[in-house]
file model.cif (mmCIF, C-alpha atoms)
data_coords
loop_
_atom_site.label_atom_id
_atom_site.label_comp_id
_atom_site.auth_asym_id
_atom_site.auth_seq_id
_atom_site.Cartn_x
_atom_site.Cartn_y
_atom_site.Cartn_z
CA MET A 22 -97.69 150.72 48.36
CA PHE A 23 -99.24 147.39 49.23
CA LEU A 24 -102.63 148.66 48.06
CA ALA A 25 -101.37 149.55 44.55
CA PRO A 26 -101.91 146.09 42.95
CA PHE A 27 -105.41 145.92 44.40
CA VAL A 28 -106.30 149.37 43.04
CA LEU A 29 -104.98 148.48 39.55
CA ALA A 30 -107.05 145.30 39.46
CA VAL A 31 -110.21 147.24 40.39
CA LEU A 32 -109.57 149.84 37.70
CA VAL A 33 -109.06 147.17 34.98
CA ALA A 34 -112.25 145.36 35.96
CA ALA A 35 -114.18 148.60 35.75
CA GLN A 36 -113.20 149.30 32.11
CA PRO A 37 -116.20 149.43 29.67
CA GLY A 38 -116.84 146.53 27.30
CA SER A 39 -119.07 143.49 26.92
CA PRO A 40 -117.76 139.91 27.33
CA ALA A 41 -120.28 138.62 24.76
CA ARG A 42 -118.79 140.34 21.69
CA ASP A 43 -119.07 138.64 18.29
CA ASP A 44 -115.30 138.61 17.83
CA ALA A 45 -114.65 137.02 21.22
CA PRO A 46 -112.78 133.71 21.04
CA VAL A 47 -114.98 130.63 21.22
CA PRO A 48 -113.77 127.60 23.14
CA PRO A 49 -113.16 124.57 20.95
CA ASP A 50 -115.85 122.52 22.62
CA SER A 51 -118.48 125.13 22.16
CA ALA A 52 -121.69 124.27 20.33
CA VAL A 53 -121.45 127.61 18.55
CA LEU A 54 -118.21 126.53 16.83
CA ARG A 55 -119.82 123.36 15.54
CA THR A 56 -122.60 125.36 13.88
CA MET A 57 -120.40 127.98 12.22
CA PRO A 58 -120.01 127.71 8.41
CA SER A 59 -116.55 127.07 6.92
CA PRO A 60 -114.73 130.19 5.65
CA PRO A 61 -114.45 130.65 1.86
CA LEU A 62 -111.37 129.17 0.18
CA VAL A 63 -110.37 132.45 -1.43
CA GLU A 64 -110.91 135.93 -0.06
CA GLY A 65 -111.60 138.36 -2.86
CA PRO A 66 -114.25 140.49 -4.54
CA PRO A 67 -117.91 139.44 -4.37
CA ASP A 68 -117.79 137.64 -7.75
CA ALA A 69 -114.98 135.35 -6.49
CA CYS A 70 -117.51 133.07 -4.82
CA ALA A 71 -119.16 132.47 -8.18
CA ALA A 72 -115.75 131.57 -9.59
CA GLU A 73 -115.30 128.78 -7.06
CA SER A 74 -117.77 126.57 -8.97
CA ASP A 75 -115.67 127.06 -12.11
CA TYR A 76 -112.55 126.26 -10.12
CA LEU A 77 -114.03 123.00 -8.87
CA ALA A 78 -115.23 122.13 -12.37
CA GLY A 79 -111.80 122.86 -13.82
CA PHE A 80 -110.06 120.83 -11.14
CA ASP A 81 -112.36 117.83 -11.75
CA ALA A 82 -111.81 118.10 -15.51
CA LEU A 83 -108.04 118.17 -14.98
CA VAL A 84 -108.22 115.04 -12.85
CA ARG A 85 -110.32 113.27 -15.49
CA GLY A 86 -107.82 114.23 -18.21
CA GLU A 87 -110.18 116.65 -19.97
CA ASP A 88 -107.51 119.32 -20.31
CA ALA A 89 -109.30 121.59 -22.81
CA GLN A 90 -112.36 121.86 -20.57
CA ALA A 91 -110.10 122.42 -17.55
CA VAL A 92 -108.37 125.33 -19.30
CA GLU A 93 -111.70 127.01 -20.10
CA SER A 94 -112.98 126.72 -16.53
CA LEU A 95 -109.73 127.86 -14.95
CA GLU A 96 -109.43 130.84 -17.29
CA ARG A 97 -112.88 131.98 -16.15
CA VAL A 98 -111.67 131.68 -12.57
CA GLN A 99 -108.65 133.90 -13.31
CA GLU A 100 -110.86 136.54 -14.95
CA ALA A 101 -113.22 136.66 -11.98
CA CYS A 102 -110.56 136.22 -9.32
CA PRO A 103 -107.05 137.19 -10.52
CA GLN A 104 -105.56 136.65 -7.05
CA HIS A 105 -106.71 133.00 -6.89
CA PRO A 106 -103.74 131.05 -5.44
CA TYR A 107 -104.22 127.80 -7.40
CA ALA A 108 -106.06 128.47 -10.65
CA PRO A 109 -103.07 129.96 -12.59
CA GLU A 110 -100.81 126.98 -11.85
CA LEU A 111 -103.48 124.41 -12.67
CA ALA A 112 -104.27 126.23 -15.91
CA ARG A 113 -100.57 126.22 -16.82
CA LEU A 114 -100.43 122.48 -16.13
CA ALA A 115 -103.51 121.85 -18.31
CA ARG A 116 -101.99 123.86 -21.19
CA ALA A 117 -98.71 121.93 -20.90
CA ARG A 118 -100.60 118.65 -21.12
CA LEU A 119 -102.33 119.84 -24.29
CA THR A 120 -99.00 120.15 -26.12
CA PRO A 121 -97.86 117.23 -28.32
CA GLY A 122 -95.06 116.43 -25.90
CA GLY A 123 -97.46 116.37 -22.98
CA ARG A 124 -99.86 114.05 -24.76
CA LEU A 125 -96.96 111.76 -25.65
CA ALA A 126 -95.88 111.66 -22.01
CA GLN A 127 -99.38 110.81 -20.82
CA GLU A 128 -99.69 108.03 -23.38
CA THR A 129 -96.32 106.64 -22.32
CA LEU A 130 -97.24 106.62 -18.65
CA ALA A 131 -100.71 105.22 -19.30
CA ARG A 132 -99.43 102.40 -21.46
CA PRO A 133 -100.42 99.18 -19.69
CA VAL A 134 -97.98 96.39 -19.02
CA VAL A 135 -99.19 93.59 -21.25
CA SER A 136 -98.70 90.21 -19.62
CA GLU A 137 -100.73 88.22 -22.16
CA GLU A 138 -98.75 86.41 -24.80
CA GLY A 139 -99.22 87.02 -28.48
CA THR A 140 -98.98 84.54 -31.28
CA SER A 141 -95.49 83.52 -32.28
CA ARG A 142 -93.98 81.81 -35.31
CA GLY A 143 -91.43 80.22 -33.03
CA ALA A 144 -94.21 78.62 -31.00
CA ARG A 145 -95.76 77.21 -34.14
CA ALA A 146 -92.38 75.89 -35.25
CA SER A 147 -91.70 74.22 -31.90
CA LEU A 148 -95.11 72.57 -31.99
CA THR A 149 -94.45 71.29 -35.51
CA ILE A 150 -91.07 69.80 -34.54
CA VAL A 151 -92.32 68.02 -31.43
CA GLN A 152 -95.45 66.68 -33.11
CA THR A 153 -93.42 65.47 -36.08
CA VAL A 154 -91.25 63.43 -33.71
CA HIS A 155 -94.42 62.30 -31.96
CA GLY A 156 -95.87 61.11 -35.26
CA ILE A 157 -92.67 59.27 -36.19
CA THR A 158 -92.62 57.50 -32.82
CA GLN A 159 -96.26 56.53 -33.07
CA GLY A 160 -95.59 55.11 -36.53
CA VAL A 161 -92.66 53.00 -35.34
CA LEU A 162 -94.62 51.68 -32.36
CA LEU A 163 -97.62 50.90 -34.54
CA CYS A 164 -95.46 49.04 -37.00
CA THR A 165 -93.92 47.06 -34.12
CA ILE A 166 -97.36 45.98 -32.90
CA ALA A 167 -98.34 45.07 -36.45
CA GLY A 168 -95.25 42.87 -36.74
CA CYS A 169 -93.51 44.59 -39.63
CA ASP A 170 -90.66 42.40 -40.84
CA ASP A 171 -89.31 44.64 -43.57
CA SER A 172 -87.24 47.68 -42.62
CA ARG A 173 -88.80 49.56 -45.52
CA ALA A 174 -92.16 49.25 -43.79
CA TYR A 175 -90.74 50.96 -40.71
CA VAL A 176 -89.39 53.78 -42.88
CA ALA A 177 -92.66 54.18 -44.72
CA VAL A 178 -94.78 54.21 -41.57
CA SER A 179 -92.36 56.61 -39.89
CA LEU A 180 -92.61 59.01 -42.79
CA LEU A 181 -96.38 58.70 -42.76
CA GLY A 182 -96.60 59.34 -39.03
CA GLY A 183 -94.17 62.26 -39.13
CA GLY A 184 -95.99 63.82 -42.05
CA ALA A 185 -99.32 63.45 -40.29
CA GLY A 186 -97.96 65.11 -37.16
CA ALA A 187 -96.40 68.00 -39.06
CA ALA A 188 -99.49 68.52 -41.21
CA ALA A 189 -101.80 68.53 -38.19
CA ALA A 190 -99.59 71.02 -36.33
CA LEU A 191 -99.45 73.39 -39.31
CA LEU A 192 -103.03 73.13 -40.53
CA LEU A 193 -104.66 73.43 -37.12
CA THR A 194 -102.65 76.51 -36.13
CA GLN A 195 -103.18 78.71 -39.18
CA ASN A 196 -104.69 81.44 -36.97
CA GLY A 197 -101.58 81.58 -34.82
CA LEU A 198 -100.35 79.99 -31.64
CA THR A 199 -98.95 81.45 -28.44
CA PRO A 200 -95.81 80.06 -26.78
CA GLY A 201 -97.91 78.97 -23.82
CA GLN A 202 -100.30 77.00 -26.00
CA ALA A 203 -97.44 75.30 -27.83
CA ALA A 204 -95.76 74.49 -24.52
CA ALA A 205 -98.99 73.00 -23.14
CA ILE A 206 -99.44 70.68 -26.13
CA ASN A 207 -95.80 69.65 -26.31
CA SER A 208 -95.65 69.10 -22.55
CA GLY A 209 -98.73 66.89 -22.81
CA THR A 210 -96.96 64.76 -25.41
CA VAL A 211 -93.81 64.37 -23.30
CA TRP A 212 -95.74 63.60 -20.11
CA GLY A 213 -97.84 61.13 -22.08
CA PHE A 214 -94.77 59.17 -23.12
CA GLY A 215 -93.52 59.28 -19.53
CA TYR A 216 -96.80 58.03 -18.09
CA GLY A 217 -96.98 55.34 -20.77
CA LEU A 218 -93.53 54.06 -19.85
CA ALA A 219 -94.30 54.25 -16.13
CA SER A 220 -97.51 52.28 -16.69
CA ILE A 221 -95.41 49.39 -17.93
CA GLY A 222 -93.90 49.10 -14.47
CA SER A 223 -96.97 49.96 -12.42
CA PHE A 224 -99.23 47.48 -14.26
CA ASP A 225 -96.48 44.94 -15.08
CA LEU A 226 -97.16 45.05 -18.81
CA ASP A 227 -95.15 43.36 -21.51
CA GLY A 228 -95.19 42.78 -25.24
CA ASP A 229 -97.81 44.56 -27.28
CA ASN A 230 -99.61 45.76 -24.15
CA ALA A 231 -96.52 47.71 -23.07
CA ILE A 232 -96.16 49.29 -26.50
CA ALA A 233 -99.87 50.11 -26.61
CA SER A 234 -99.69 51.80 -23.20
CA VAL A 235 -96.97 54.14 -24.50
CA MET A 236 -98.98 54.94 -27.63
CA VAL A 237 -102.20 55.57 -25.74
CA GLY A 238 -100.43 57.63 -23.08
CA ALA A 239 -98.76 59.91 -25.63
CA ALA A 240 -101.92 60.37 -27.69
CA GLY A 241 -104.16 60.87 -24.66
CA PHE A 242 -101.96 63.43 -22.93
CA THR A 243 -101.47 65.28 -26.22
CA GLY A 244 -105.23 65.60 -26.49
CA LEU A 245 -105.36 66.85 -22.89
CA GLY A 246 -102.70 69.43 -23.73
CA ILE A 247 -104.78 70.61 -26.70
CA LEU A 248 -107.81 71.09 -24.45
CA ILE A 249 -105.75 73.06 -21.93
CA ALA A 250 -104.24 75.22 -24.67
CA GLU A 251 -107.65 75.93 -26.17
CA PHE A 252 -109.68 76.69 -23.06
CA ALA A 253 -107.13 77.72 -20.41
CA ASN A 254 -104.77 79.60 -22.77
CA PRO A 255 -101.80 79.45 -20.37
CA THR A 256 -98.56 81.35 -20.71
CA ALA A 257 -95.22 79.66 -21.23
CA GLY A 258 -94.26 80.51 -17.64
CA GLN A 259 -97.41 78.92 -16.24
CA VAL A 260 -96.79 75.73 -18.21
CA SER A 261 -93.19 75.70 -16.99
CA LEU A 262 -94.37 76.09 -13.39
CA ALA A 263 -96.76 73.15 -13.73
CA ASN A 264 -94.07 71.01 -15.38
CA SER A 265 -91.54 71.87 -12.68
CA GLY A 266 -94.06 71.09 -9.96
CA GLY A 267 -94.70 67.62 -11.36
CA LEU A 268 -91.03 66.96 -12.10
CA TRP A 269 -89.67 67.95 -8.70
CA ALA A 270 -92.50 66.22 -6.86
CA GLY A 271 -91.54 63.03 -8.68
CA VAL A 272 -87.82 63.50 -8.03
CA VAL A 273 -88.21 64.13 -4.30
CA ALA A 274 -90.72 61.31 -3.92
CA GLY A 275 -88.42 58.96 -5.86
CA LEU A 276 -85.44 59.79 -3.62
CA LEU A 277 -87.47 59.18 -0.48
CA LEU A 278 -89.02 55.97 -1.83
CA ALA A 279 -85.57 54.69 -2.73
CA THR A 280 -84.72 54.60 0.98
CA GLN A 281 -87.22 51.77 1.47
CA ASP A 282 -85.79 48.25 1.53
CA ASN A 283 -88.68 46.55 -0.27
CA ASP A 284 -88.45 45.66 -3.94
CA GLU A 285 -92.03 46.54 -4.84
CA THR A 286 -91.46 47.90 -8.32
CA GLN A 287 -95.14 48.17 -9.14
CA ALA A 288 -95.87 50.14 -5.97
CA PHE A 289 -92.91 52.45 -6.69
CA PHE A 290 -94.12 53.35 -10.18
CA ALA A 291 -97.74 53.65 -9.06
CA ILE A 292 -96.81 56.06 -6.25
CA GLU A 293 -94.60 58.01 -8.60
CA GLN A 294 -97.42 58.39 -11.11
CA GLY A 295 -99.78 59.62 -8.39
CA VAL A 296 -97.26 62.07 -6.93
CA VAL A 297 -96.29 63.47 -10.32
CA GLY A 298 -99.95 63.87 -11.28
CA ALA A 299 -100.70 65.62 -7.99
CA GLY A 300 -97.74 67.94 -8.51
CA LEU A 301 -98.81 68.79 -12.04
CA LEU A 302 -102.40 69.50 -11.02
CA THR A 303 -101.47 71.48 -7.90
CA PHE A 304 -98.98 73.77 -9.57
CA ALA A 305 -101.20 74.16 -12.63
CA LEU A 306 -103.90 75.55 -10.34
CA ILE A 307 -101.39 77.76 -8.53
CA SER A 308 -100.05 79.11 -11.82
CA ARG A 309 -103.46 80.52 -12.75
CA ASN A 310 -102.99 83.28 -10.16
CA LEU A 311 -99.31 83.97 -10.93
CA ASP A 312 -97.60 85.97 -13.64
CA ILE A 313 -94.34 84.08 -13.94
CA SER A 314 -91.92 83.76 -16.83
CA ARG A 315 -90.23 80.72 -18.27
CA GLY A 316 -86.83 82.32 -17.59
CA ARG A 317 -87.53 82.53 -13.88
CA MET A 318 -88.67 78.90 -13.83
CA LEU A 319 -85.41 77.85 -15.46
CA LEU A 320 -83.52 79.65 -12.69
CA ILE A 321 -85.66 77.96 -10.05
CA ASP A 322 -85.04 74.55 -11.62
CA SER A 323 -81.32 75.30 -11.67
CA GLY A 324 -81.54 76.18 -7.99
CA GLY A 325 -83.15 72.81 -7.28
CA ILE A 326 -80.39 70.96 -9.13
CA LEU A 327 -77.68 72.96 -7.37
CA GLY A 328 -79.35 72.45 -4.00
CA GLY A 329 -79.54 68.70 -4.48
CA LEU A 330 -75.87 68.50 -5.51
CA THR A 331 -74.89 70.72 -2.57
CA GLY A 332 -76.76 68.52 -0.10
CA LEU A 333 -75.15 65.37 -1.50
CA SER A 334 -71.65 66.89 -1.61
CA ALA A 335 -71.88 68.31 1.90
CA LEU A 336 -72.87 64.94 3.36
CA PHE A 337 -70.13 63.18 1.44
CA LEU A 338 -67.51 65.62 2.71
CA LEU A 339 -68.75 65.27 6.28
CA LEU A 340 -69.42 61.54 6.44
CA GLY A 341 -67.26 60.09 3.69
CA SER A 342 -68.14 57.00 1.69
CA ASP A 343 -68.84 54.83 4.75
CA ALA A 344 -72.24 56.37 5.53
CA ASP A 345 -75.52 54.67 4.74
CA SER A 346 -76.84 55.37 1.25
CA ASP A 347 -80.20 56.39 2.68
CA VAL A 348 -78.53 59.40 4.30
CA TYR A 349 -77.32 60.62 0.92
CA LEU A 350 -80.75 60.12 -0.63
CA VAL A 351 -82.51 62.10 2.09
CA GLY A 352 -79.82 64.79 2.04
CA THR A 353 -80.16 65.17 -1.70
CA ALA A 354 -83.95 65.49 -1.41
CA VAL A 355 -83.68 68.07 1.37
CA GLY A 356 -81.04 70.02 -0.57
CA ALA A 357 -83.20 70.07 -3.69
CA VAL A 358 -86.22 71.39 -1.78
CA ALA A 359 -84.06 74.01 -0.03
CA GLY A 360 -82.53 75.06 -3.35
CA LEU A 361 -85.96 75.44 -4.94
CA ALA A 362 -87.25 77.50 -2.04
CA ALA A 363 -84.15 79.72 -1.88
CA THR A 364 -84.12 80.38 -5.63
CA THR A 365 -87.83 81.14 -5.61
CA PHE A 366 -87.22 83.79 -2.95
CA LEU A 367 -84.11 85.24 -4.56
CA THR A 368 -85.79 85.59 -7.96
CA ARG A 369 -88.96 87.22 -6.62
CA ASN A 370 -88.18 90.43 -8.56
CA PHE A 371 -86.90 88.69 -11.69
CA ASP A 372 -90.03 89.39 -13.72
CA GLY A 373 -90.14 93.09 -12.82
CA PRO A 374 -89.71 95.72 -15.55
CA ASP A 375 -86.17 96.06 -16.80
CA ALA A 376 -86.26 99.86 -16.75
CA PRO A 377 -88.81 102.55 -15.90
CA ALA A 378 -90.81 104.13 -18.69
CA VAL A 379 -89.33 107.63 -18.82
CA THR A 380 -90.25 110.51 -21.11
CA LEU A 381 -88.53 113.91 -21.40
CA VAL A 382 -90.93 116.67 -22.40
CA PRO A 383 -90.07 120.31 -23.22
CA ALA A 384 -92.30 122.58 -21.17
CA ALA A 385 -92.65 126.13 -19.89
CA MET A 386 -91.29 126.35 -16.37
CA GLY A 387 -92.18 128.82 -13.64
CA ARG A 388 -94.37 131.92 -13.65
CA HIS A 389 -92.25 133.82 -16.19
CA GLY A 390 -92.48 131.20 -18.96
CA GLY A 391 -88.89 129.97 -18.89
CA MET A 392 -88.16 126.89 -21.02
CA GLY A 393 -86.99 123.64 -19.54
CA LEU A 394 -87.39 119.87 -19.58
CA THR A 395 -89.93 117.84 -17.62
CA MET A 396 -89.18 114.19 -16.89
CA LEU A 397 -92.13 111.87 -16.39
CA GLY A 398 -91.68 108.22 -15.51
CA GLN A 399 -92.88 105.16 -13.71
CA PHE A 400 -90.56 103.88 -11.00
#

call {"tool": "encode", "arguments": {"input": "model.cif", "output": "structure tokens"}}
result
Amino acid sequence: MFLAPFVLAVLVAAQPGSPARDDAPVPPDSAVLRTMPSPPLVEGPPDACAAESDYLAGFDALVRGEDAQAVESLERVQEACPQHPYAPELARLARARLTPGGRLAQETLARPVVSEEGTSRGARASLTIVQTVHGITQGVLLCTIAGCDDSRAYVAVSLLGGGAGAAAALLLTQNGLTPGQAAAINSGTVWGFGYGLASIGSFDLDGDNAIASVMVGAAGFTGLGILIAEFANPTAGQVSLANSGGLWAGVVAGLLLATQDNDETQAFFAIEQGVVGAGLLTFALISRNLDISRGRMLLIDSGGILGGLTGLSALFLLLGSDADSDVYLVGTAVGAVAGLAATTFLTRNFDGPDAPAVTLVPAAMGRHGGMGLTMLGQF
């Protein structure tokens, strides 16, 4: 009984057969496995291998969007190899895309999101209004320098200046104007008046020199805005970002400078002009790589205002009216910066698409040709 296992083992070892058969399993690390060709994709009659080239051609045509060519290639595959597992479904997909509904769906999905602004009548109108006011102001200032004593002279020069501004805005924009271009020119005019007024304090000007600085500042910055509109072609959101950068840089710097005890008015205005200019330039460069809307910038500016008021109110509630005024100034500046940062983060998806582009297409469903609806969309 104890010899039975030994006898069975000897009998099994003595069975005929060769260990080097072709169908013997090959270890994974064998060099033979690395030299074996890959099995065919589809097992079928001998002419199926010839159909694989048509299958690959049809698949590539389907990927490229050449649906008619894909149908021809895939139909040849089905004739040569009816049991092909993929060709019938790909051919059905290509035929569905050739229908009018399928072409409409593809066009809808392939429609690019246009971020560039087009010309606008509203932009042209806004430019005309601002430049008319600009012309009127320049006329009044010019008449003041000239020493006009008669009020009718002021009226006449104002009408002349306003007419010149309106005519220039209308005649020079006959080919159209985008909202961003109009915003760049109008912003240049406003910043020019601001810099002209600030130059009165930074250079301690008076009399005709003060008036001339305002005139030169407005005209010079308007010309700079025209150059930016012509060569940079910014969007309204990019102009708003640059304006907000300069504005809030000046506000925060002004609050911090107000905490100083010195009465250096010239230094205050000079620093303010430098900080505002640096903010404008910095955020103008940043805006070139951003696709931002004017609506989002308005929300961000609102967040800065709310943050500054929150910082001031919180300190007043905590400290009362007996605290040093410098504490309120610093708290307001910190609150404004925090509000700007928080609103920028919270509105990060504000400029996303309002709704996905969705198209419902009637199509044949399944292998038996049942009718149904196919929904295609971008999400």

call {"tool": "closest_residue", "arguments": {"input": "model.cif", "among": "A:Leu306, A:Leu83, A:Leu339, A:Leu148", "to": "Arg116 in chain A", "atoms": "all atoms listed in the file"}}
result
A:Leu83

call {"tool": "atom_distance", "arguments": {"input": "model.cif", "atom1": "CA of Ala240 in chain A", "atom2": "CA of Gly258 in chain A"}}
result
23.8 Å

call {"tool": "atom_distance", "arguments": {"input": "model.cif", "atom1": "CA of Ala204 in chain A", "atom2": "CA of Gly186 in chain A"}}
result
15.9 Å

call {"tool": "atom_distance", "arguments": {"input": "model.cif", "atom1": "CA of Ile166 in chain A", "atom2": "CA of Thr153 in chain A"}}
result
20.1 Å

call {"tool": "resolve_selection", "arguments": {"input": "model.cif", "expression": "the PyMOL selection byres ((chain A and resi 246-249) around 8)", "output": "JSON, numbers by chain"}}
result
{"A": [202, 205, 206, 207, 208, 209, 210, 242, 243, 244, 245, 250, 251, 252, 253, 254, 255]}

call {"tool": "decode", "arguments": {"input": "model.cif", "residues": "range 220-234 of chain A", "atoms": "N, CA, C and O atoms", "output": "tab-separated table (two decimals), in the first residue's frame"}}
result
chain	number	residue	atom	x	y	z
A	220	SER	N	-0.74	116.71	-11.31
A	220	SER	CA	0.51	117.42	-11.60
A	220	SER	C	0.50	118.81	-10.99
A	220	SER	O	1.58	119.37	-10.70
A	221	ILE	N	-0.67	119.37	-10.79
A	221	ILE	CA	-0.74	120.69	-10.14
A	221	ILE	C	-0.17	120.59	-8.74
A	221	ILE	O	0.58	121.48	-8.28
A	222	GLY	N	-0.51	119.50	-8.02
A	222	GLY	CA	0.02	119.35	-6.68
A	222	GLY	C	1.45	118.86	-6.64
A	222	GLY	O	2.25	119.29	-5.81
A	223	SER	N	1.82	117.95	-7.54
A	223	SER	CA	3.17	117.40	-7.49
A	223	SER	C	4.23	118.39	-7.97
A	223	SER	O	5.37	118.35	-7.51
A	224	PHE	N	3.87	119.30	-8.87
A	224	PHE	CA	4.82	120.30	-9.35
A	224	PHE	C	4.54	121.70	-8.81
A	224	PHE	O	5.22	122.66	-9.21
A	225	ASP	N	3.53	121.81	-7.95
A	225	ASP	CA	3.17	123.09	-7.32
A	225	ASP	C	2.91	124.16	-8.38
A	225	ASP	O	3.51	125.23	-8.38
A	226	LEU	N	2.01	123.85	-9.29
A	226	LEU	CA	1.69	124.77	-10.38
A	226	LEU	C	0.52	125.67	-9.97
A	226	LEU	O	-0.30	125.32	-9.11
A	227	ASP	N	0.43	126.79	-10.64
A	227	ASP	CA	-0.69	127.69	-10.41
A	227	ASP	C	-0.94	128.51	-11.67
A	227	ASP	O	-0.13	128.54	-12.59
A	228	GLY	N	-2.09	129.14	-11.72
A	228	GLY	CA	-2.42	130.01	-12.83
A	228	GLY	C	-2.56	129.25	-14.14
A	228	GLY	O	-3.09	128.15	-14.21
A	229	ASP	N	-2.02	129.87	-15.18
A	229	ASP	CA	-2.11	129.28	-16.52
A	229	ASP	C	-1.34	127.97	-16.62
A	229	ASP	O	-1.72	127.09	-17.40
A	230	ASN	N	-0.26	127.84	-15.84
A	230	ASN	CA	0.50	126.59	-15.88
A	230	ASN	C	-0.34	125.42	-15.38
A	230	ASN	O	-0.26	124.31	-15.93
A	231	ALA	N	-1.14	125.64	-14.36
A	231	ALA	CA	-2.00	124.58	-13.85
A	231	ALA	C	-3.05	124.19	-14.88
A	231	ALA	O	-3.31	123.00	-15.11
A	232	ILE	N	-3.64	125.20	-15.53
A	232	ILE	CA	-4.65	124.90	-16.55
A	232	ILE	C	-4.01	124.18	-17.73
A	232	ILE	O	-4.57	123.22	-18.28
A	233	ALA	N	-2.83	124.61	-18.12
A	233	ALA	CA	-2.14	123.98	-19.24
A	233	ALA	C	-1.78	122.54	-18.94
A	233	ALA	O	-1.83	121.67	-19.83
A	234	SER	N	-1.43	122.25	-17.69
A	234	SER	CA	-1.08	120.87	-17.34
A	234	SER	C	-2.29	119.95	-17.50
A	234	SER	O	-2.16	118.80	-17.94
